[in-house]
Every structure is written in C-alpha cells, then in structure tokens.
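Reproduced below: model-v8.csv, with CSV, C-alpha atoms.
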chain,number,residue,atom,x,y,z
A,456,MET,CA,-188.8,44.3,-78.7
A,457,ALA,CA,-189.9,42.8,-75.4
A,458,GLU,CA,-192.7,40.9,-77.1
A,459,MET,CA,-190.2,39.4,-79.6
A,460,PHE,CA,-188.0,38.6,-76.6
A,461,SER,CA,-190.7,36.6,-75.0
A,462,THR,CA,-192.1,35.0,-78.2
A,463,LEU,CA,-188.8,33.9,-79.4
A,464,PHE,CA,-187.4,32.6,-76.2
A,465,GLY,CA,-190.2,32.2,-73.8
A,466,SER,CA,-189.9,32.9,-70.2
A,467,ASN,CA,-188.4,29.8,-68.7
A,468,GLU,CA,-186.5,28.5,-71.6
A,469,ALA,CA,-182.9,28.2,-70.5
A,470,GLN,CA,-181.8,25.5,-72.8
A,471,GLY,CA,-182.3,25.1,-76.5
A,472,PRO,CA,-184.4,22.5,-78.2
A,473,PRO,CA,-183.0,19.0,-78.0
A,474,GLY,CA,-182.2,18.7,-81.6
A,475,SER,CA,-180.4,22.0,-81.9
A,476,SER,CA,-177.1,20.8,-80.8
A,477,SER,CA,-177.1,17.7,-83.0
A,478,LEU,CA,-176.4,19.4,-86.3
A,479,GLY,CA,-174.2,16.9,-88.0
A,480,PHE,CA,-173.6,18.6,-91.3
A,481,GLY,CA,-172.0,21.8,-90.2
A,482,PRO,CA,-168.3,22.2,-89.8
A,483,GLY,CA,-168.6,22.2,-86.0
A,484,LYS,CA,-165.7,22.1,-83.7
A,485,PRO,CA,-162.6,20.3,-85.0
A,486,PRO,CA,-162.4,17.0,-83.3
A,487,PRO,CA,-159.5,16.0,-81.2
A,488,PRO,CA,-156.5,14.5,-83.1
A,489,MET,CA,-156.9,10.8,-83.9
A,490,PRO,CA,-154.9,8.1,-82.3
A,491,GLN,CA,-152.1,6.7,-84.4
A,492,ASN,CA,-154.0,3.4,-85.2
A,493,GLN,CA,-156.9,5.4,-86.6
A,494,VAL,CA,-154.6,7.6,-88.7
A,495,ALA,CA,-153.2,4.4,-90.2
A,496,MET,CA,-156.7,3.3,-91.1
A,497,ALA,CA,-157.4,6.6,-92.8
A,498,GLY,CA,-155.3,5.4,-95.7
A,499,GLN,CA,-158.3,3.4,-96.8
A,500,ILE,CA,-160.3,6.4,-97.7
A,501,PRO,CA,-159.9,8.1,-101.1
A,502,PRO,CA,-156.4,9.6,-101.5
A,503,GLN,CA,-157.7,13.2,-102.2
A,504,LEU,CA,-159.3,13.1,-98.8
A,505,GLY,CA,-156.4,11.8,-96.9
A,506,ASP,CA,-155.9,15.2,-95.2
A,507,GLU,CA,-159.3,14.9,-93.7
A,508,GLY,CA,-158.1,12.2,-91.4
A,509,PRO,CA,-158.5,14.1,-88.1
A,510,ALA,CA,-162.0,15.3,-89.1
A,511,LEU,CA,-163.4,11.8,-89.5
A,512,ARG,CA,-165.7,10.7,-86.8
A,513,LYS,CA,-164.9,7.0,-87.0
A,514,PRO,CA,-162.4,4.8,-88.9
A,515,GLY,CA,-162.9,4.9,-92.6
A,516,ALA,CA,-164.1,1.3,-92.8
A,517,MET,CA,-166.9,2.0,-90.4
A,518,ASN,CA,-168.0,5.2,-92.2
A,519,GLU,CA,-167.8,3.5,-95.6
A,520,PRO,CA,-170.4,5.4,-97.5
A,521,PHE,CA,-169.7,8.7,-95.7
A,522,TYR,CA,-166.1,9.9,-95.9
A,523,LEU,CA,-166.8,13.5,-94.7
A,524,LEU,CA,-168.5,12.7,-91.5
A,525,ARG,CA,-167.4,14.9,-88.6
A,526,GLU,CA,-167.9,14.9,-84.9
A,527,LEU,CA,-171.1,16.3,-83.7
A,528,PRO,CA,-170.7,19.6,-81.8
A,529,VAL,CA,-170.7,19.3,-78.0
A,530,GLY,CA,-174.2,19.6,-76.7
A,531,ASN,CA,-173.2,21.8,-73.6
A,532,GLU,CA,-171.7,24.5,-75.7
A,533,LEU,CA,-173.3,27.9,-75.1
A,534,THR,CA,-174.7,29.2,-78.4
A,535,GLY,CA,-177.1,31.9,-79.6
A,536,ASN,CA,-179.8,29.2,-79.4
A,537,THR,CA,-179.9,30.0,-75.7
A,538,ASN,CA,-181.4,33.2,-74.5
A,539,LEU,CA,-178.1,34.8,-73.4
A,540,ILE,CA,-179.8,37.6,-71.5
A,541,THR,CA,-181.6,35.1,-69.3
A,542,HIS,CA,-178.5,33.0,-69.1
A,543,TYR,CA,-176.4,35.8,-67.7
A,544,ASN,CA,-179.3,37.0,-65.4
A,545,LEU,CA,-179.6,40.3,-67.2
A,546,GLU,CA,-183.4,40.4,-67.4
A,547,HIS,CA,-183.5,43.0,-64.7
A,548,ALA,CA,-181.1,45.2,-66.6
A,549,TYR,CA,-183.0,44.6,-69.9
A,550,ASN,CA,-186.4,45.6,-68.3
A,551,LYS,CA,-184.8,48.6,-66.6
A,552,PHE,CA,-183.2,50.0,-69.7
A,553,CYS,CA,-185.4,48.7,-72.5
A,554,GLY,CA,-188.8,48.6,-70.8
A,555,LYS,CA,-189.1,52.3,-70.4
A,556,LYS,CA,-187.8,55.3,-72.3
A,557,VAL,CA,-184.4,56.4,-71.2
A,558,LYS,CA,-184.0,60.2,-71.3
A,559,GLU,CA,-181.6,61.4,-73.9
A,560,LYS,CA,-179.7,64.2,-72.2
A,561,LEU,CA,-176.7,63.8,-69.9
A,562,SER,CA,-178.2,66.2,-67.4
A,563,ASN,CA,-181.0,63.6,-66.9
A,564,PHE,CA,-178.4,61.1,-65.8
A,565,LEU,CA,-176.5,63.6,-63.6
A,566,PRO,CA,-179.2,66.0,-62.5
A,567,GLU,CA,-177.1,67.4,-59.6
A,568,LEU,CA,-174.1,68.3,-61.7
A,569,PRO,CA,-173.7,72.1,-62.1
A,570,GLY,CA,-173.1,73.7,-65.4
A,571,MET,CA,-174.2,73.1,-69.0
A,572,ILE,CA,-173.2,69.5,-69.3
A,573,ASP,CA,-175.5,68.7,-72.3
A,574,CYS,CA,-173.3,70.6,-74.7
A,575,PRO,CA,-170.7,68.6,-76.7
A,576,GLY,CA,-167.4,68.4,-74.8
A,577,THR,CA,-165.5,69.2,-78.0
A,578,GLN,CA,-166.9,72.7,-78.0
A,579,ASP,CA,-165.1,73.8,-74.8
A,580,GLY,CA,-162.3,71.2,-74.8
A,581,SER,CA,-163.8,69.3,-71.9
A,582,SER,CA,-164.3,66.0,-73.6
A,583,LEU,CA,-163.1,62.8,-72.0
A,584,ARG,CA,-161.7,61.7,-75.3
A,585,SER,CA,-159.2,64.6,-75.2
A,586,LEU,CA,-158.3,63.6,-71.7
A,587,ILE,CA,-157.4,60.1,-73.0
A,588,ASP,CA,-155.7,61.3,-76.2
A,589,LYS,CA,-153.7,64.0,-74.4
A,590,PRO,CA,-153.4,63.2,-70.8
A,591,PRO,CA,-152.5,66.2,-68.6
A,592,VAL,CA,-148.8,66.5,-67.6
A,593,CYS,CA,-148.8,66.3,-63.8
A,594,GLY,CA,-146.8,64.8,-61.0
A,595,ASN,CA,-147.5,61.5,-59.3
A,596,SER,CA,-148.8,63.0,-56.1
A,597,PHE,CA,-151.0,65.8,-54.9
A,598,SER,CA,-149.5,67.9,-52.1
A,599,PRO,CA,-151.4,70.7,-50.3
A,600,LEU,CA,-150.5,74.3,-51.1
A,601,THR,CA,-148.4,76.1,-48.5
A,602,GLY,CA,-148.5,79.8,-47.7
A,603,ALA,CA,-145.9,80.7,-50.2
A,604,LEU,CA,-147.7,78.7,-53.0
A,605,LEU,CA,-151.1,80.2,-52.1
A,606,THR,CA,-149.8,83.7,-52.9
A,607,GLY,CA,-150.2,82.8,-56.6
A,608,PHE,CA,-154.0,82.5,-56.0
A,609,ARG,CA,-154.6,86.1,-54.8
A,610,LEU,CA,-157.4,87.3,-57.0
A,611,HIS,CA,-158.5,90.8,-58.1
A,612,THR,CA,-161.7,91.9,-56.6
A,613,GLY,CA,-164.9,92.2,-58.7
A,614,PRO,CA,-167.0,89.9,-60.9
A,615,LEU,CA,-165.6,87.5,-63.4
A,616,PRO,CA,-165.6,88.5,-67.1
A,617,GLU,CA,-168.6,87.1,-69.0
A,618,GLN,CA,-166.7,84.5,-70.9
A,619,TYR,CA,-165.7,82.7,-67.7
A,620,ARG,CA,-169.2,82.5,-66.2
A,621,LEU,CA,-170.3,79.5,-68.0
A,622,MET,CA,-170.2,77.3,-64.9
A,623,HIS,CA,-173.1,79.2,-63.3
A,624,ILE,CA,-175.4,78.9,-66.3
A,625,GLN,CA,-177.8,76.1,-65.6
A,626,PRO,CA,-179.8,74.4,-68.3
A,627,PRO,CA,-183.5,75.3,-68.3
A,628,LYS,CA,-185.1,73.2,-65.6
A,629,LYS,CA,-188.0,71.5,-67.3
A,630,LYS,CA,-187.5,68.6,-65.0
A,631,SER,CA,-188.8,70.6,-62.0
A,632,LYS,CA,-192.1,71.2,-63.7
A,633,HIS,CA,-192.5,67.6,-64.6
A,634,LYS,CA,-191.6,66.7,-61.1
A,635,HIS,CA,-194.3,68.9,-59.7
A,636,LYS,CA,-196.8,67.3,-62.1
A,637,HIS,CA,-195.7,63.8,-61.0
A,638,HIS,CA,-195.6,64.7,-57.3
A,639,ARG,CA,-199.0,66.3,-57.1
A,640,PRO,CA,-201.0,63.2,-57.6
A,641,GLN,CA,-198.8,61.3,-55.1
A,642,ASP,CA,-199.3,63.9,-52.4
A,643,PRO,CA,-202.2,63.3,-50.1
A,644,LEU,CA,-203.9,66.4,-51.5
A,645,PRO,CA,-202.4,68.9,-49.0
A,646,GLN,CA,-203.0,71.8,-51.4
A,647,GLU,CA,-206.6,70.9,-52.1
A,648,THR,CA,-207.6,70.7,-48.5
A,649,PRO,CA,-209.4,73.7,-47.2
A,650,SER,CA,-207.1,76.5,-46.3
A,651,ASP,CA,-207.0,80.2,-46.1
A,652,SER,CA,-206.6,80.6,-49.8
A,653,ASP,CA,-209.5,78.4,-50.8
A,654,PRO,CA,-212.3,80.6,-49.5
A,655,LYS,CA,-210.8,83.5,-51.4
A,656,LYS,CA,-210.9,81.5,-54.6
A,657,LYS,CA,-214.5,80.5,-53.8
A,658,LYS,CA,-215.4,84.1,-53.1
A,659,LYS,CA,-213.8,85.2,-56.4
A,660,LYS,CA,-215.8,82.6,-58.2
A,661,ARG,CA,-218.9,83.7,-56.5
A,662,ASP,CA,-218.1,87.3,-57.4
A,663,ASP,CA,-217.5,86.3,-61.0
A,664,ASP,CA,-220.6,84.2,-61.1
A,665,PRO,CA,-223.2,86.9,-61.7
A,666,ASP,CA,-221.2,88.4,-64.6
A,667,ARG,CA,-220.7,84.9,-66.1
A,668,LYS,CA,-224.4,84.2,-65.8
A,669,LYS,CA,-225.2,87.5,-67.5
A,670,LYS,CA,-222.8,86.7,-70.3
A,671,LYS,CA,-224.2,83.2,-70.7
A,672,LYS,CA,-227.7,84.6,-70.8
A,673,ASP,CA,-226.8,87.1,-73.5
A,674,LYS,CA,-225.1,84.4,-75.5
A,675,LYS,CA,-228.1,82.1,-75.2
A,676,LYS,CA,-230.4,84.9,-76.3
A,677,LYS,CA,-228.2,85.6,-79.3
A,678,LYS,CA,-228.1,82.0,-80.2
A,679,ASN,CA,-231.8,81.5,-79.9
A,680,ARG,CA,-232.4,84.5,-82.1
A,681,HIS,CA,-230.3,83.0,-84.9
A,682,SER,CA,-231.5,79.4,-84.5
A,683,PRO,CA,-234.2,78.2,-86.8
A,684,ASP,CA,-236.2,76.7,-83.9
A,685,HIS,CA,-236.3,80.0,-82.1
A,686,PRO,CA,-239.9,81.3,-81.7
A,687,GLY,CA,-238.8,84.7,-82.8
A,688,LEU,CA,-237.6,83.5,-86.1
A,689,ALA,CA,-240.6,81.4,-86.6
A,690,GLY,CA,-242.7,84.4,-85.8
A,691,SER,CA,-240.8,86.5,-88.3
A,692,GLN,CA,-241.4,84.0,-91.1
A,693,PRO,CA,-245.1,84.4,-91.1
A,694,ASN,CA,-244.6,88.0,-91.1
A,695,SER,CA,-242.4,87.8,-94.2
A,696,ASN,CA,-245.0,85.5,-95.8
A,697,SER,CA,-247.6,88.0,-94.9
A,698,LEU,CA,-245.7,90.6,-96.8
A,699,ARG,CA,-246.0,88.5,-99.9
B,1119,MET,CA,-168.1,45.9,-55.6
B,1120,ALA,CA,-170.9,48.4,-55.1
B,1121,GLU,CA,-169.2,49.9,-52.0
B,1122,LYS,CA,-166.2,50.8,-54.1
B,1123,PHE,CA,-168.4,52.7,-56.5
B,1124,ASP,CA,-170.3,54.4,-53.7
B,1125,ASN,CA,-167.0,55.5,-52.2
B,1126,LEU,CA,-165.8,57.0,-55.4
B,1127,GLU,CA,-169.2,58.6,-56.1
B,1128,GLU,CA,-169.2,60.2,-52.7
B,1129,HIS,CA,-165.7,61.6,-53.2
B,1130,LEU,CA,-166.7,62.9,-56.6
B,1131,GLU,CA,-169.8,64.5,-55.4
B,1132,LYS,CA,-167.9,66.3,-52.6
B,1133,PHE,CA,-165.2,67.4,-55.1
B,1134,ILE,CA,-167.8,68.8,-57.5
B,1135,GLU,CA,-169.6,70.6,-54.7
B,1136,ASN,CA,-166.3,72.1,-53.5
B,1137,ILE,CA,-165.5,73.2,-57.1
B,1138,ARG,CA,-169.0,74.7,-57.4
B,1139,GLN,CA,-168.5,76.7,-54.2
B,1140,LEU,CA,-165.0,77.7,-55.4
B,1141,GLY,CA,-166.6,79.0,-58.6
B,1142,ILE,CA,-169.1,81.1,-56.6
B,1143,ILE,CA,-166.3,82.6,-54.5
B,1144,VAL,CA,-164.3,83.4,-57.6
B,1145,SER,CA,-167.3,84.7,-59.7
B,1146,ASP,CA,-167.5,87.9,-57.5
B,1147,PHE,CA,-164.3,87.9,-55.6
B,1148,GLN,CA,-164.0,90.1,-52.5
B,1149,PRO,CA,-160.8,90.7,-50.5
B,1150,SER,CA,-162.3,89.0,-47.5
B,1151,SER,CA,-162.9,85.9,-49.5
B,1152,GLN,CA,-159.2,85.1,-49.8
B,1153,ALA,CA,-159.1,82.9,-46.7
B,1154,GLY,CA,-162.1,80.9,-47.9
B,1155,LEU,CA,-160.6,80.6,-51.4
B,1156,ASN,CA,-157.3,79.2,-49.9
B,1157,GLN,CA,-159.3,76.7,-47.9
B,1158,LYS,CA,-161.3,75.6,-50.9
B,1159,LEU,CA,-158.1,75.2,-52.9
B,1160,ASN,CA,-156.7,72.9,-50.3
B,1161,PHE,CA,-160.0,71.0,-50.1
B,1162,MET,CA,-159.7,70.5,-53.8
B,1163,ILE,CA,-156.3,69.0,-53.4
B,1164,SER,CA,-157.4,66.7,-50.6
B,1165,GLY,CA,-160.4,65.8,-52.8
B,1166,LEU,CA,-158.1,64.8,-55.6
B,1167,GLN,CA,-156.0,62.8,-53.2
B,1168,ASP,CA,-159.2,60.9,-52.1
B,1169,ILE,CA,-160.1,60.2,-55.7
B,1170,GLU,CA,-156.6,59.0,-56.4
B,1171,LYS,CA,-156.9,56.5,-53.5
B,1172,CYS,CA,-160.1,55.2,-55.0
B,1173,ARG,CA,-158.3,54.4,-58.3
B,1174,GLN,CA,-156.4,51.5,-56.6
B,1175,GLN,CA,-159.7,49.8,-55.8
B,1176,LEU,CA,-161.1,50.1,-59.3
B,1177,HIS,CA,-158.1,49.3,-61.4
B,1178,GLU,CA,-159.8,46.1,-62.7
B,1179,ILE,CA,-162.9,48.0,-63.9
B,1180,ASN,CA,-163.0,48.4,-67.7
B,1181,VAL,CA,-165.2,51.1,-69.2
B,1182,PRO,CA,-166.0,50.9,-73.0
B,1183,LEU,CA,-164.7,53.8,-74.9
B,1184,GLU,CA,-168.0,54.3,-76.6
B,1185,VAL,CA,-169.5,55.4,-73.2
B,1186,PHE,CA,-167.0,58.3,-73.2
B,1187,GLU,CA,-168.3,59.3,-76.7
B,1188,TYR,CA,-171.8,59.4,-75.4
B,1189,ILE,CA,-170.8,61.6,-72.4
B,1190,ASP,CA,-168.8,63.8,-74.7
B,1191,GLN,CA,-171.8,64.3,-76.9
B,1192,GLY,CA,-173.9,65.3,-73.9
B,1193,ARG,CA,-176.0,62.1,-74.1
B,1194,ASN,CA,-177.1,59.8,-71.3
B,1195,PRO,CA,-174.6,56.9,-71.0
B,1196,GLN,CA,-177.5,54.6,-70.1
B,1197,LEU,CA,-178.5,54.8,-73.7
B,1198,TYR,CA,-175.3,53.0,-74.5
B,1199,THR,CA,-176.3,50.2,-72.1
B,1200,LYS,CA,-179.8,50.1,-73.6
B,1201,GLU,CA,-178.5,49.9,-77.2
B,1202,CYS,CA,-176.0,47.2,-76.2
B,1203,LEU,CA,-178.7,45.1,-74.7
B,1204,GLU,CA,-181.0,45.6,-77.7
B,1205,ARG,CA,-178.2,44.8,-80.1
B,1206,ALA,CA,-177.3,41.7,-78.1
B,1207,LEU,CA,-180.9,40.5,-78.1
B,1208,ALA,CA,-181.3,41.2,-81.8
B,1209,ARG,CA,-178.2,39.2,-82.6
B,1210,ASN,CA,-179.3,36.5,-80.2
B,1211,GLU,CA,-182.6,36.2,-82.0
B,1212,GLN,CA,-180.9,36.2,-85.4
B,1213,VAL,CA,-178.6,33.3,-84.4
B,1214,LYS,CA,-181.4,31.4,-82.8
B,1215,GLY,CA,-183.4,31.8,-86.0
B,1216,LYS,CA,-180.5,30.5,-88.1
B,1217,ILE,CA,-180.1,27.5,-85.7
B,1218,ASP,CA,-183.8,26.7,-85.8
B,1219,THR,CA,-183.9,27.0,-89.5
B,1220,LEU,CA,-180.9,24.7,-89.9
B,1221,THR,CA,-182.4,22.2,-87.5
B,1222,LYS,CA,-185.5,22.1,-89.5
B,1223,PHE,CA,-183.5,21.8,-92.7
B,1224,LYS,CA,-181.5,18.9,-91.3
B,1225,SER,CA,-184.6,17.1,-90.2
B,1226,LEU,CA,-186.2,17.6,-93.6
B,1227,LEU,CA,-183.0,16.6,-95.4
B,1228,VAL,CA,-182.6,13.4,-93.4
B,1229,SER,CA,-186.3,12.4,-93.9
B,1230,GLU,CA,-186.0,13.0,-97.6
B,1231,LEU,CA,-182.7,11.2,-97.9
B,1232,SER,CA,-184.2,8.3,-96.0
B,1233,LYS,CA,-186.8,8.0,-98.8
B,1234,VAL,CA,-184.3,8.1,-101.6
B,1235,PHE,CA,-181.3,6.4,-100.0
B,1236,PRO,CA,-182.8,4.2,-97.3
B,1237,GLU,CA,-179.8,1.9,-96.9
B,1238,GLU,CA,-177.2,4.7,-96.7
B,1239,MET,CA,-179.3,6.6,-94.2
B,1240,ALA,CA,-179.7,3.5,-92.1
B,1241,LYS,CA,-175.9,3.3,-91.9
B,1242,TYR,CA,-175.8,7.0,-91.2
B,1243,LYS,CA,-178.2,6.6,-88.3
B,1244,ALA,CA,-176.2,3.6,-87.1
B,1245,ILE,CA,-173.1,5.9,-87.0
B,1246,HIS,CA,-174.7,9.0,-85.6
B,1247,GLY,CA,-177.4,7.3,-83.5
B,1248,GLU,CA,-181.0,8.3,-83.5
B,1249,ASP,CA,-180.2,11.9,-82.6
B,1250,ALA,CA,-180.0,13.1,-86.1
B,1251,PRO,CA,-183.6,13.1,-87.4
B,1252,SER,CA,-186.1,14.8,-85.2
Here is the file; what I need is its structure written in the form of structure tokens.
Amino acid sequence: MAEMFSTLFGSNEAQGPPGSSSLGFGPGKPPPPMPQNQVAMAGQIPPQLGDEGPALRKPGAMNEPFYLLRELPVGNELTGNTNLITHYNLEHAYNKFCGKKVKEKLSNFLPELPGMIDCPGTQDGSSLRSLIDKPPVCGNSFSPLTGALLTGFRLHTGPLPEQYRLMHIQPPKKKSKHKHKHHRPQDPLPQETPSDSDPKKKKKKRDDDPDRKKKKKDKKKKKNRHSPDHPGLAGSQPNSNSLR
Amino acid sequence: MAEKFDNLEEHLEKFIENIRQLGIIVSDFQPSSQAGLNQKLNFMISGLQDIEKCRQQLHEINVPLEVFEYIDQGRNPQLYTKECLERALARNEQVKGKIDTLTKFKSLLVSELSKVFPEEMAKYKAIHGEDAPS
C-alpha cells in the first residue's frame, strides 16, 4: 500500500497536474446566475435549451456552435486528485498505523488495564454500546458517602464466590516473553558477562564433555562400520568374495 | 489539546487503580479491611468527580461510534484508525485515477475533434482558451 501511495502521488506532489482542473465537459459546479442582460440573450439559443441559460458560459451568440458549454470548474478546488493525506499532514499517522503491524487485541492497546478486556463486551454486559443505548439512571452530581451511607457497604468476611472473581483473572501474558526477547539484545549484555553462575555452567559443560566425546566416538564408529568407505566393510567384501 | 487528554488519562488511570485495589480488598474481605474499603469507596467518588470535571473540557471532541464497536469486540481501536487511513488512501487513489483518465480522454477527444472539426474546435479553443487540450 505504501508503495502505491508513493507511486501514485509521489513524495512532494501537493497539487494535481495542471490539466486536471480544466475538464470542460463534466457537469462541474453550477455557475453563478447570469445577469439579466445575458438571460435576455439566452433567447437566441434553441427553445428546448432555454432552461439551460444559467449553465451557459458565455452569451449564446458567442458560443454559437456550442450551446451546452459550461463554466470550467474552479482550479483551486480540493479534489481527490490531490494526495489528501499529504494535504492534511497525516503522513506521520499513516506511517505510524499502516507502516507496521498493529496488534489485534485491546489488551495490546491498554496493557495496564486489569481484567479480561479482550472478551466481547456483550458477553458480560460491559459494552460501551449498551452504555449509549441504555444510559445509567443517576443524579447530576457525585457526593461523598457519609457514615450512615457507608453502613450499607459492610461486607461479610471471606473470599468472593467464583463467579465474581473475573476481575482478577489476567489474560495470558505472552507480551512479557516477547518483551524479554526484545530487551535482551538491547541490554549491554549484563547476563552474559562473567558472573558466579557462568563458571558453574562451564564446569557442567566440562563435566559433560567426556560423556559427549564418548558418545560421539561411538556414533562415529557405528557410522563408519555401516559406511561403504569404511575399511572394515571393504575388508569384509574380499572375505565374502573369497567365500565364493 | 493534548493536556486535556493527559489530564483525563491520568484521572482514569487513578480511578482504575483504585477500583483494582477495591477489588482486591473485596475479594477476600476481612473485618479489619472495612476502614480501607470505606476510604476506597470515597476515593472512587472523588475520582468520578474528577472525571466529571474533565468532561467540560472535552465536550467538543467527537468519537466515531465505530470505535466503540471495536472496543466492545475486544479489538485494538488503532485498527479503526488504520483502516480509515487505508480506506481514505484507496478512495483517493481511485478518484485520482478517474481524474487522470478523464484528463487523458479529454486531451485525446480534443485532438481528434480538431482533426475532424477544425473550425469548430478553433472556436471552442477561442472560448475556453488554450487550457483545454494538453
């Protein structure tokens, strides 16, 4: 899309080509009403076109072969010929939103918001649409709760029933994993610098090394036995021939 | 303009955080938590008052209803902006294509008409000037 954007409009093209606004055959904008003297002259044109008086560009006598000529559209008019995104200085927004992939989920837009916000709002009746369709019945002002009013908020001790614990359920945090991946290369390699844990790793590797070497050797031996170039096999063939 | 949004955003964040803490208190309520709960409830009311004050500064802001649909579906509202921009560009390109095609058509028509009706086209050019054919 961005390539099309640049190929069609170019980077610095703010105005359309010079001939674009000079289309004379289209209906264009209706011209301003004619002065009375010109309306009188419109009687010279064919009678069936008398209603076209205001649309004529010049008096009928001057436009003699052309009785349907209209005013040319005004050149300064903003049309689709201009790159409207450039015209309204929206390149930054275009590059921001269309240049890279925008993540699909709402939780990516509001990562700090608690709760399961990616679920459709219609499921639990928390949709904004329902708020517009059925606005809550409430007073005009918010007044703090006094002692007497707060007695209504005395709760029973103990945990909430399961059905009301939705707020504390967080969506699976895949983002944090991605973040780690992204951040690691940016960090000035603090984890890779020698520390207390590194020698242990090295030691482990060293401890594993002899076993690995043995395994590798065994594998190599097995491979060599089965391979046609192996001297053992070559040696066995003469033996088989010798049996013949 | 941005300050107004920042102000609202700040109040909303405080309000949401207060609600989150309220939820934690309520999720496993203890008798000793009653004072904290009462405090949080009054914080919630003061938070609503702060948000209500922000409304006066933002009454001229119009939000497309489609954005609410995106949010209700659990989708990123930036996708709406993205799709709007892409749609606008596509339409822009279509209209530019039509205008360019018509411009070429006009040029070709005038040149062909000039061959067949040279006198009439000379008069036409006299009326319209030399801007017509390109």
Considering only C-alpha atoms, give me a table of residues in chain B that are at most 6 Å from chain A, with the closest atom pair and distance in Å for each, as a tab-separated table.
residue	atom	partner	partner_atom	distance
B:Ser1145	CA	A:Leu615	CA	4.9
B:Asp1146	CA	A:Pro614	CA	4.0
B:Phe1147	CA	A:Thr612	CA	4.9
B:Gln1148	CA	A:Thr612	CA	5.0
B:Asn1160	CA	A:Pro599	CA	5.7
B:Asp1190	CA	A:Gly576	CA	4.8
B:Gln1191	CA	A:Pro575	CA	4.4
B:Gly1192	CA	A:Asp573	CA	4.1
B:Arg1193	CA	A:Leu561	CA	4.6
B:Asn1194	CA	A:Leu561	CA	4.3
B:Lys1200	CA	A:Phe552	CA	5.2
B:Asn1210	CA	A:Gly535	CA	5.1
B:Val1213	CA	A:Gly535	CA	5.2
B:Lys1214	CA	A:Asn536	CA	4.4
B:Thr1221	CA	A:Ser475	CA	5.9
Query - Minimum-distance residue to Ala1206 of chain B, chosen among A:Lys555, A:Gln618, A:Leu523, A:Tyr543 (using all atoms listed in the file) - result: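 Ranked by minimum distance to Ala1206 of chain B, first place goes to A:Tyr543.
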Report task. Go ahead and compute the interatomic distance for atom CA of Val1144 of chain B and atom CA of Leu604 of chain A, in Å to one decimal. Result ->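 Computing it gives 17.9 Å between the two atoms.
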Query raised in the report: Do you have the atom CA of Asn1136 of chain B-atom CA of Glu1121 of chain B distance handy?
Result: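 Distance between the two atoms: 22.4 Å.
Taking atom CA of Leu1226 of chain B and atom CA of Leu533 of chain A as the two end points, the separation is 24.8 Å.
Using all atoms listed in the file, the smallest distance between any of B:Ala1240, B:Cys1202, B:Met1162, B:Met1119 and Pro1182 of chain B comes from B:Cys1202.
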Query raised in the report: Skipping near chain neighbours, those fewer than 3 positions away, what residues fall within 6 Å of Pro1195 of chain B using all atoms listed in the file, listed as JSON, numbers by chain?
Result: {"B": [1185, 1188, 1198]}
